[in-house]
>>> print(open('entry.cif').read())   # mmCIF, N, CA and C atoms
data_upload
#
loop_
_atom_site.label_atom_id
_atom_site.label_comp_id
_atom_site.auth_asym_id
_atom_site.auth_seq_id
_atom_site.Cartn_x
_atom_site.Cartn_y
_atom_site.Cartn_z
N ILE D 1 4.83 35.52 -35.97
CA ILE D 1 4.56 36.65 -36.83
C ILE D 1 4.39 37.92 -35.99
N VAL D 2 3.84 37.79 -34.81
CA VAL D 2 3.59 38.96 -33.97
C VAL D 2 4.89 39.69 -33.65
N PHE D 3 5.95 38.96 -33.36
CA PHE D 3 7.19 39.62 -32.98
C PHE D 3 7.83 40.35 -34.17
N TYR D 4 7.68 39.81 -35.37
CA TYR D 4 8.16 40.52 -36.55
C TYR D 4 7.35 41.80 -36.75
N LEU D 5 6.05 41.72 -36.51
CA LEU D 5 5.19 42.89 -36.63
C LEU D 5 5.61 43.97 -35.64
N VAL D 6 5.93 43.55 -34.40
CA VAL D 6 6.41 44.49 -33.37
C VAL D 6 7.63 45.24 -33.88
N LYS D 7 8.55 44.52 -34.51
CA LYS D 7 9.75 45.15 -35.05
C LYS D 7 9.40 46.13 -36.16
N HIS D 8 8.60 45.71 -37.10
CA HIS D 8 8.32 46.54 -38.28
C HIS D 8 7.39 47.71 -37.97
N LEU D 9 6.67 47.64 -36.86
CA LEU D 9 5.87 48.78 -36.43
C LEU D 9 6.73 49.81 -35.69
N GLY D 10 7.96 49.43 -35.36
CA GLY D 10 8.86 50.36 -34.68
C GLY D 10 8.66 50.42 -33.17
N CYS D 11 8.04 49.40 -32.59
CA CYS D 11 7.82 49.38 -31.14
C CYS D 11 9.15 49.28 -30.40
N GLN D 12 9.19 49.89 -29.23
CA GLN D 12 10.40 49.84 -28.41
C GLN D 12 10.31 48.76 -27.34
N SER D 13 9.10 48.29 -27.05
CA SER D 13 8.93 47.21 -26.08
C SER D 13 7.65 46.46 -26.39
N VAL D 14 7.58 45.24 -25.87
CA VAL D 14 6.39 44.41 -26.01
C VAL D 14 6.19 43.66 -24.69
N THR D 15 4.93 43.60 -24.26
CA THR D 15 4.56 42.83 -23.08
C THR D 15 3.57 41.77 -23.51
N THR D 16 3.92 40.51 -23.28
CA THR D 16 3.03 39.42 -23.67
C THR D 16 2.01 39.17 -22.56
N ILE D 17 0.83 38.71 -22.95
CA ILE D 17 -0.18 38.28 -21.99
C ILE D 17 -0.70 36.93 -22.47
N GLY D 18 -1.13 36.11 -21.54
CA GLY D 18 -1.67 34.80 -21.90
C GLY D 18 -0.62 33.82 -22.39
N TRP D 19 0.63 34.07 -22.05
CA TRP D 19 1.73 33.21 -22.50
C TRP D 19 2.29 32.49 -21.28
N ASP D 20 1.46 31.70 -20.62
CA ASP D 20 1.86 31.11 -19.36
C ASP D 20 2.69 29.84 -19.52
N LEU D 21 2.57 29.14 -20.61
CA LEU D 21 3.32 27.90 -20.85
C LEU D 21 3.11 26.93 -19.71
N GLU D 22 3.37 25.69 -19.96
CA GLU D 22 3.22 24.65 -18.93
C GLU D 22 4.53 24.48 -18.17
N GLU D 23 4.44 23.84 -17.01
CA GLU D 23 5.63 23.57 -16.21
C GLU D 23 6.54 22.59 -16.95
N PRO D 24 7.85 22.72 -16.76
CA PRO D 24 8.76 21.74 -17.37
C PRO D 24 8.39 20.32 -16.94
N GLY D 25 8.39 19.41 -17.90
CA GLY D 25 8.05 18.01 -17.64
C GLY D 25 6.57 17.70 -17.78
N GLU D 26 5.72 18.72 -17.84
CA GLU D 26 4.28 18.52 -17.98
C GLU D 26 3.95 18.09 -19.41
N ILE D 27 3.04 17.15 -19.56
CA ILE D 27 2.65 16.74 -20.92
C ILE D 27 1.17 17.03 -21.20
N LYS D 28 0.44 17.50 -20.19
CA LYS D 28 -0.97 17.83 -20.37
C LYS D 28 -1.13 19.35 -20.31
N SER D 29 -1.69 19.91 -21.35
CA SER D 29 -1.92 21.35 -21.40
C SER D 29 -3.28 21.68 -20.81
N THR D 30 -3.31 22.58 -19.82
CA THR D 30 -4.58 23.02 -19.25
C THR D 30 -5.20 24.09 -20.14
N HIS D 31 -4.41 24.88 -20.77
CA HIS D 31 -4.80 25.88 -21.77
C HIS D 31 -6.05 26.65 -21.41
N PHE D 32 -6.17 27.05 -20.15
CA PHE D 32 -7.28 27.88 -19.67
C PHE D 32 -8.66 27.23 -19.86
N TYR D 33 -8.73 25.90 -19.90
CA TYR D 33 -10.02 25.25 -20.11
C TYR D 33 -10.89 25.31 -18.86
N GLY D 34 -10.27 25.18 -17.69
CA GLY D 34 -11.07 25.12 -16.47
C GLY D 34 -12.03 23.95 -16.53
N GLU D 35 -13.26 24.20 -16.16
CA GLU D 35 -14.28 23.15 -16.17
C GLU D 35 -15.16 23.21 -17.42
N ARG D 36 -14.82 24.10 -18.36
CA ARG D 36 -15.64 24.24 -19.57
C ARG D 36 -15.54 23.00 -20.45
N HIS D 37 -16.61 22.71 -21.15
CA HIS D 37 -16.62 21.63 -22.13
C HIS D 37 -16.00 22.17 -23.42
N VAL D 38 -14.93 21.55 -23.86
CA VAL D 38 -14.26 21.98 -25.08
C VAL D 38 -14.21 20.79 -26.03
N ILE D 39 -14.62 21.01 -27.27
CA ILE D 39 -14.67 19.92 -28.24
C ILE D 39 -13.28 19.46 -28.66
N ASN D 40 -12.39 20.38 -28.99
CA ASN D 40 -11.05 20.04 -29.48
C ASN D 40 -9.97 20.51 -28.52
N LYS D 41 -9.82 19.83 -27.42
CA LYS D 41 -8.76 20.19 -26.47
C LYS D 41 -7.40 19.91 -27.08
N ALA D 42 -6.39 20.58 -26.56
CA ALA D 42 -5.03 20.40 -27.06
C ALA D 42 -4.59 18.94 -26.86
N ALA D 43 -3.88 18.43 -27.84
CA ALA D 43 -3.33 17.07 -27.75
C ALA D 43 -2.24 17.04 -26.68
N PRO D 44 -1.94 15.87 -26.13
CA PRO D 44 -0.84 15.78 -25.16
C PRO D 44 0.46 16.29 -25.78
N MET D 45 1.27 16.92 -24.97
CA MET D 45 2.54 17.47 -25.45
C MET D 45 3.61 16.39 -25.43
N GLU D 46 4.63 16.58 -26.23
CA GLU D 46 5.82 15.73 -26.17
C GLU D 46 6.50 15.97 -24.82
N ALA D 47 7.26 15.01 -24.34
CA ALA D 47 7.90 15.10 -23.03
C ALA D 47 8.79 16.34 -22.89
N SER D 48 9.46 16.74 -23.96
CA SER D 48 10.39 17.88 -23.87
C SER D 48 9.77 19.19 -24.35
N GLU D 49 8.49 19.17 -24.74
CA GLU D 49 7.89 20.35 -25.37
C GLU D 49 7.89 21.59 -24.47
N ALA D 50 7.56 21.43 -23.20
CA ALA D 50 7.54 22.59 -22.30
C ALA D 50 8.94 23.20 -22.18
N GLU D 51 9.94 22.35 -22.00
CA GLU D 51 11.31 22.86 -21.89
C GLU D 51 11.77 23.48 -23.21
N ASP D 52 11.38 22.90 -24.33
CA ASP D 52 11.73 23.49 -25.64
C ASP D 52 11.10 24.87 -25.79
N ASN D 53 9.84 25.02 -25.35
CA ASN D 53 9.17 26.31 -25.44
C ASN D 53 9.83 27.34 -24.54
N ILE D 54 10.28 26.93 -23.37
CA ILE D 54 10.97 27.83 -22.46
C ILE D 54 12.28 28.31 -23.10
N SER D 55 13.02 27.38 -23.70
CA SER D 55 14.26 27.75 -24.39
C SER D 55 13.98 28.69 -25.56
N ALA D 56 12.91 28.40 -26.30
CA ALA D 56 12.54 29.24 -27.44
C ALA D 56 12.16 30.65 -26.99
N SER D 57 11.54 30.76 -25.83
CA SER D 57 11.15 32.09 -25.35
C SER D 57 12.39 32.96 -25.11
N LEU D 58 13.48 32.35 -24.66
CA LEU D 58 14.73 33.12 -24.49
C LEU D 58 15.29 33.54 -25.84
N MET D 59 15.20 32.67 -26.83
CA MET D 59 15.68 33.03 -28.18
C MET D 59 14.87 34.21 -28.74
N ILE D 60 13.57 34.21 -28.48
CA ILE D 60 12.74 35.33 -28.94
C ILE D 60 13.15 36.61 -28.23
N LYS D 61 13.35 36.53 -26.91
CA LYS D 61 13.79 37.71 -26.15
C LYS D 61 15.12 38.22 -26.70
N ASP D 62 16.07 37.33 -26.95
CA ASP D 62 17.38 37.74 -27.47
C ASP D 62 17.25 38.40 -28.84
N TRP D 63 16.39 37.85 -29.71
CA TRP D 63 16.18 38.44 -31.03
C TRP D 63 15.59 39.84 -30.90
N LEU D 64 14.60 39.98 -30.02
CA LEU D 64 14.01 41.30 -29.81
C LEU D 64 15.05 42.28 -29.28
N ASN D 65 15.84 41.85 -28.30
CA ASN D 65 16.88 42.71 -27.74
C ASN D 65 17.90 43.11 -28.80
N ASP D 66 18.26 42.18 -29.69
CA ASP D 66 19.19 42.49 -30.79
C ASP D 66 18.61 43.54 -31.72
N ASN D 67 17.27 43.66 -31.72
CA ASN D 67 16.59 44.65 -32.55
C ASN D 67 16.11 45.85 -31.72
N ASN D 68 16.75 46.04 -30.56
CA ASN D 68 16.47 47.18 -29.67
C ASN D 68 15.02 47.24 -29.20
N ILE D 69 14.46 46.07 -28.91
CA ILE D 69 13.09 45.97 -28.40
C ILE D 69 13.14 45.22 -27.07
N ASP D 70 12.59 45.82 -26.03
CA ASP D 70 12.52 45.16 -24.73
C ASP D 70 11.30 44.26 -24.67
N MET D 71 11.46 43.13 -24.01
CA MET D 71 10.36 42.16 -23.89
C MET D 71 10.04 41.93 -22.42
N PHE D 72 8.75 41.92 -22.11
CA PHE D 72 8.27 41.66 -20.76
C PHE D 72 7.12 40.67 -20.84
N ILE D 73 6.85 40.00 -19.72
CA ILE D 73 5.72 39.08 -19.64
C ILE D 73 4.77 39.62 -18.58
N GLY D 74 3.52 39.76 -18.94
CA GLY D 74 2.52 40.31 -18.03
C GLY D 74 1.87 39.26 -17.16
N SER D 75 2.67 38.41 -16.56
CA SER D 75 2.13 37.35 -15.70
C SER D 75 3.24 36.83 -14.79
N GLU D 76 2.91 36.69 -13.53
CA GLU D 76 3.87 36.10 -12.59
C GLU D 76 3.87 34.58 -12.71
N ARG D 77 2.83 34.00 -13.34
CA ARG D 77 2.69 32.54 -13.45
C ARG D 77 3.44 31.95 -14.63
N SER D 78 3.94 32.76 -15.51
CA SER D 78 4.52 32.26 -16.75
C SER D 78 5.74 31.40 -16.49
N HIS D 79 5.82 30.30 -17.24
CA HIS D 79 7.00 29.45 -17.20
C HIS D 79 7.95 29.76 -18.34
N ALA D 80 7.74 30.90 -19.03
CA ALA D 80 8.70 31.33 -20.04
C ALA D 80 10.04 31.53 -19.33
N HIS D 81 11.11 31.64 -20.08
CA HIS D 81 12.46 31.68 -19.50
C HIS D 81 12.57 32.73 -18.39
N SER D 82 13.26 32.38 -17.35
CA SER D 82 13.35 33.26 -16.16
C SER D 82 14.13 34.55 -16.45
N LYS D 83 14.88 34.62 -17.53
CA LYS D 83 15.60 35.85 -17.86
C LYS D 83 14.68 36.92 -18.45
N ILE D 84 13.41 36.56 -18.74
CA ILE D 84 12.45 37.54 -19.26
C ILE D 84 11.75 38.16 -18.06
N GLU D 85 11.85 39.48 -17.97
CA GLU D 85 11.28 40.21 -16.84
C GLU D 85 9.76 40.10 -16.84
N ARG D 86 9.20 39.88 -15.62
CA ARG D 86 7.76 39.85 -15.45
C ARG D 86 7.30 41.22 -14.98
N ARG D 87 6.10 41.60 -15.42
CA ARG D 87 5.48 42.85 -14.99
C ARG D 87 4.03 42.58 -14.67
N SER D 88 3.57 43.14 -13.57
CA SER D 88 2.16 43.04 -13.22
C SER D 88 1.37 44.02 -14.05
N LEU D 89 0.26 43.57 -14.56
CA LEU D 89 -0.61 44.45 -15.35
C LEU D 89 -1.77 44.92 -14.54
#
>>> encode(input="entry.cif", output="structure tokens")
Amino acid sequence: IVFYLVKHLGCQSVTTIGWDLEEPGEIKSTHFYGERHVINKAAPMEASEAEDNISASLMIKDWLNDNNIDMFIGSERSHAHSKIERRSL
């Protein structure tokens, strides 16, 4: 929904934060838990889920570009598709 909102607000670019995704092949999500006690941690991921999310991130970038919106990721750690430019914040 956020990306549709970006379009309808007339934004020319969007920079995501906190969209680090897991490494390809990983089935356990760390999801910024660290050492904190969390009652409902994320369930294990499907074997292909990380790679599917990476592919989906490129589809989102392409859709935004088709709508004249530039997309950037505000993290060097992100495993989103490598064709999405990273920017330090």
>>> residues_around(input="entry.cif", residues="D:Ala56", least_positions_apart="4", cutoff="9 Å", atoms="only C-alpha atoms", output="number ranges by chain")
D: 51-52, 60-61, 80-81
>>> residues_around(input="entry.cif", residues="D:Thr16", least_positions_apart="4", cutoff="6 Å", atoms="only N, CA and C atoms", output="PyMOL selection string")
chain D and resi 72-74
>>> atom_distance(input="entry.cif", atom1="atom CA of D:Ile69", atom2="atom N of D:Ser48")
29.8 Å
>>> atom_distance(input="entry.cif", atom1="atom CA of D:Glu46", atom2="atom CA of D:Arg86")
26.5 Å
>>> atom_distance(input="entry.cif", atom1="atom CA of D:Glu76", atom2="atom C of D:His8")
28.1 Å
>>> closest_residue(input="entry.cif", among="D:Leu58, D:Ile84, D:Leu89, D:Ile27", to="D:Ala43", atoms="only N, CA and C atoms")
D:Ile27
>>> residues_near_point(input="entry.cif", point="(6.9, 41.6, -28.2)", cutoff="7 Å", atoms="all atoms listed in the file", output="CSV table (one decimal) with N, CA and C atoms, keeping the file's coordinate frame")
chain,number,residue,atom,x,y,z
D,2,VAL,N,3.8,37.8,-34.8
D,2,VAL,CA,3.6,39.0,-34.0
D,2,VAL,C,4.9,39.7,-33.6
D,3,PHE,N,6.0,39.0,-33.4
D,3,PHE,CA,7.2,39.6,-33.0
D,3,PHE,C,7.8,40.4,-34.2
D,6,VAL,N,5.9,43.6,-34.4
D,6,VAL,CA,6.4,44.5,-33.4
D,6,VAL,C,7.6,45.2,-33.9
D,13,SER,N,9.1,48.3,-27.0
D,13,SER,CA,8.9,47.2,-26.1
D,13,SER,C,7.6,46.5,-26.4
D,14,VAL,N,7.6,45.2,-25.9
D,14,VAL,CA,6.4,44.4,-26.0
D,14,VAL,C,6.2,43.7,-24.7
D,15,THR,N,4.9,43.6,-24.3
D,15,THR,CA,4.6,42.8,-23.1
D,15,THR,C,3.6,41.8,-23.5
D,16,THR,N,3.9,40.5,-23.3
D,16,THR,CA,3.0,39.4,-23.7
D,16,THR,C,2.0,39.2,-22.6
D,70,ASP,N,12.6,45.8,-26.0
D,70,ASP,CA,12.5,45.2,-24.7
D,70,ASP,C,11.3,44.3,-24.7
D,71,MET,N,11.5,43.1,-24.0
D,71,MET,CA,10.4,42.2,-23.9
D,71,MET,C,10.0,41.9,-22.4
D,72,PHE,N,8.8,41.9,-22.1
D,72,PHE,CA,8.3,41.7,-20.8
D,72,PHE,C,7.1,40.7,-20.8
>>> build_atoms(input="entry.cif", residues="stretch 54-65 of chain D", atoms="all heavy atoms", output="PDB file, in the frame of the given file")
ATOM      1  N   ILE D  54      10.280  26.930 -23.370  1.00  0.00           N
ATOM      2  CA  ILE D  54      10.970  27.830 -22.460  1.00  0.00           C
ATOM      3  C   ILE D  54      12.280  28.310 -23.100  1.00  0.00           C
ATOM      4  O   ILE D  54      12.600  29.492 -23.092  1.00  0.00           O
ATOM      5  CB  ILE D  54      11.210  27.159 -21.092  1.00  0.00           C
ATOM      6  CG1 ILE D  54       9.860  26.959 -20.387  1.00  0.00           C
ATOM      7  CG2 ILE D  54      12.169  27.983 -20.238  1.00  0.00           C
ATOM      8  CD1 ILE D  54       9.919  26.048 -19.188  1.00  0.00           C
ATOM      9  N   SER D  55      13.020  27.380 -23.700  1.00  0.00           N
ATOM     10  CA  SER D  55      14.260  27.750 -24.390  1.00  0.00           C
ATOM     11  C   SER D  55      13.980  28.690 -25.560  1.00  0.00           C
ATOM     12  O   SER D  55      14.689  29.670 -25.782  1.00  0.00           O
ATOM     13  CB  SER D  55      14.987  26.513 -24.904  1.00  0.00           C
ATOM     14  OG  SER D  55      15.402  25.700 -23.840  1.00  0.00           O
ATOM     15  N   ALA D  56      12.910  28.400 -26.300  1.00  0.00           N
ATOM     16  CA  ALA D  56      12.540  29.240 -27.440  1.00  0.00           C
ATOM     17  C   ALA D  56      12.160  30.650 -26.990  1.00  0.00           C
ATOM     18  O   ALA D  56      12.451  31.630 -27.682  1.00  0.00           O
ATOM     19  CB  ALA D  56      11.408  28.604 -28.222  1.00  0.00           C
ATOM     20  N   SER D  57      11.540  30.760 -25.830  1.00  0.00           N
ATOM     21  CA  SER D  57      11.150  32.090 -25.350  1.00  0.00           C
ATOM     22  C   SER D  57      12.390  32.960 -25.110  1.00  0.00           C
ATOM     23  O   SER D  57      12.352  34.173 -25.356  1.00  0.00           O
ATOM     24  CB  SER D  57      10.282  31.996 -24.088  1.00  0.00           C
ATOM     25  OG  SER D  57      11.015  31.545 -22.969  1.00  0.00           O
ATOM     26  N   LEU D  58      13.480  32.350 -24.660  1.00  0.00           N
ATOM     27  CA  LEU D  58      14.730  33.120 -24.490  1.00  0.00           C
ATOM     28  C   LEU D  58      15.290  33.540 -25.840  1.00  0.00           C
ATOM     29  O   LEU D  58      15.788  34.666 -25.995  1.00  0.00           O
ATOM     30  CB  LEU D  58      15.756  32.322 -23.694  1.00  0.00           C
ATOM     31  CG  LEU D  58      17.087  33.036 -23.450  1.00  0.00           C
ATOM     32  CD1 LEU D  58      16.890  34.348 -22.679  1.00  0.00           C
ATOM     33  CD2 LEU D  58      18.056  32.128 -22.719  1.00  0.00           C
ATOM     34  N   MET D  59      15.200  32.670 -26.830  1.00  0.00           N
ATOM     35  CA  MET D  59      15.680  33.030 -28.180  1.00  0.00           C
ATOM     36  C   MET D  59      14.870  34.210 -28.740  1.00  0.00           C
ATOM     37  O   MET D  59      15.432  35.102 -29.378  1.00  0.00           O
ATOM     38  CB  MET D  59      15.600  31.830 -29.113  1.00  0.00           C
ATOM     39  CG  MET D  59      16.639  30.766 -28.813  1.00  0.00           C
ATOM     40  SD  MET D  59      16.638  29.458 -30.055  1.00  0.00           S
ATOM     41  CE  MET D  59      15.694  28.223 -29.186  1.00  0.00           C
ATOM     42  N   ILE D  60      13.570  34.210 -28.480  1.00  0.00           N
ATOM     43  CA  ILE D  60      12.740  35.330 -28.940  1.00  0.00           C
ATOM     44  C   ILE D  60      13.150  36.610 -28.230  1.00  0.00           C
ATOM     45  O   ILE D  60      13.290  37.663 -28.851  1.00  0.00           O
ATOM     46  CB  ILE D  60      11.246  35.011 -28.692  1.00  0.00           C
ATOM     47  CG1 ILE D  60      10.797  33.875 -29.607  1.00  0.00           C
ATOM     48  CG2 ILE D  60      10.386  36.259 -28.889  1.00  0.00           C
ATOM     49  CD1 ILE D  60       9.452  33.288 -29.250  1.00  0.00           C
ATOM     50  N   LYS D  61      13.350  36.530 -26.910  1.00  0.00           N
ATOM     51  CA  LYS D  61      13.790  37.710 -26.150  1.00  0.00           C
ATOM     52  C   LYS D  61      15.120  38.220 -26.700  1.00  0.00           C
ATOM     53  O   LYS D  61      15.296  39.436 -26.908  1.00  0.00           O
ATOM     54  CB  LYS D  61      13.943  37.367 -24.677  1.00  0.00           C
ATOM     55  CG  LYS D  61      14.474  38.538 -23.849  1.00  0.00           C
ATOM     56  CD  LYS D  61      15.003  38.059 -22.506  1.00  0.00           C
ATOM     57  CE  LYS D  61      15.511  39.149 -21.619  1.00  0.00           C
ATOM     58  NZ  LYS D  61      16.500  40.032 -22.198  1.00  0.00           N
ATOM     59  N   ASP D  62      16.070  37.330 -26.950  1.00  0.00           N
ATOM     60  CA  ASP D  62      17.380  37.740 -27.470  1.00  0.00           C
ATOM     61  C   ASP D  62      17.250  38.400 -28.840  1.00  0.00           C
ATOM     62  O   ASP D  62      17.896  39.413 -29.116  1.00  0.00           O
ATOM     63  CB  ASP D  62      18.330  36.545 -27.544  1.00  0.00           C
ATOM     64  CG  ASP D  62      18.773  36.050 -26.175  1.00  0.00           C
ATOM     65  OD1 ASP D  62      18.639  36.804 -25.185  1.00  0.00           O
ATOM     66  OD2 ASP D  62      19.250  34.898 -26.102  1.00  0.00           O
ATOM     67  N   TRP D  63      16.390  37.850 -29.710  1.00  0.00           N
ATOM     68  CA  TRP D  63      16.180  38.440 -31.030  1.00  0.00           C
ATOM     69  C   TRP D  63      15.590  39.840 -30.900  1.00  0.00           C
ATOM     70  O   TRP D  63      16.032  40.768 -31.575  1.00  0.00           O
ATOM     71  CB  TRP D  63      15.276  37.547 -31.880  1.00  0.00           C
ATOM     72  CG  TRP D  63      15.057  38.093 -33.252  1.00  0.00           C
ATOM     73  CD1 TRP D  63      15.877  37.941 -34.335  1.00  0.00           C
ATOM     74  CD2 TRP D  63      13.960  38.901 -33.696  1.00  0.00           C
ATOM     75  NE1 TRP D  63      15.348  38.604 -35.424  1.00  0.00           N
ATOM     76  CE2 TRP D  63      14.179  39.197 -35.055  1.00  0.00           C
ATOM     77  CE3 TRP D  63      12.817  39.390 -33.071  1.00  0.00           C
ATOM     78  CZ2 TRP D  63      13.285  39.957 -35.801  1.00  0.00           C
ATOM     79  CZ3 TRP D  63      11.929  40.144 -33.812  1.00  0.00           C
ATOM     80  CH2 TRP D  63      12.168  40.428 -35.160  1.00  0.00           C
ATOM     81  N   LEU D  64      14.600  39.980 -30.020  1.00  0.00           N
ATOM     82  CA  LEU D  64      14.010  41.300 -29.810  1.00  0.00           C
ATOM     83  C   LEU D  64      15.050  42.280 -29.280  1.00  0.00           C
ATOM     84  O   LEU D  64      15.141  43.415 -29.748  1.00  0.00           O
ATOM     85  CB  LEU D  64      12.810  41.200 -28.869  1.00  0.00           C
ATOM     86  CG  LEU D  64      11.559  40.543 -29.458  1.00  0.00           C
ATOM     87  CD1 LEU D  64      10.564  40.212 -28.357  1.00  0.00           C
ATOM     88  CD2 LEU D  64      10.920  41.434 -30.515  1.00  0.00           C
ATOM     89  N   ASN D  65      15.840  41.850 -28.300  1.00  0.00           N
ATOM     90  CA  ASN D  65      16.880  42.710 -27.740  1.00  0.00           C
ATOM     91  C   ASN D  65      17.900  43.110 -28.800  1.00  0.00           C
ATOM     92  O   ASN D  65      18.353  44.265 -28.836  1.00  0.00           O
ATOM     93  CB  ASN D  65      17.585  42.048 -26.566  1.00  0.00           C
ATOM     94  CG  ASN D  65      16.716  41.961 -25.320  1.00  0.00           C
ATOM     95  OD1 ASN D  65      16.988  41.165 -24.435  1.00  0.00           O
ATOM     96  ND2 ASN D  65      15.652  42.746 -25.218  1.00  0.00           N
TER      97      ASN D  65
END
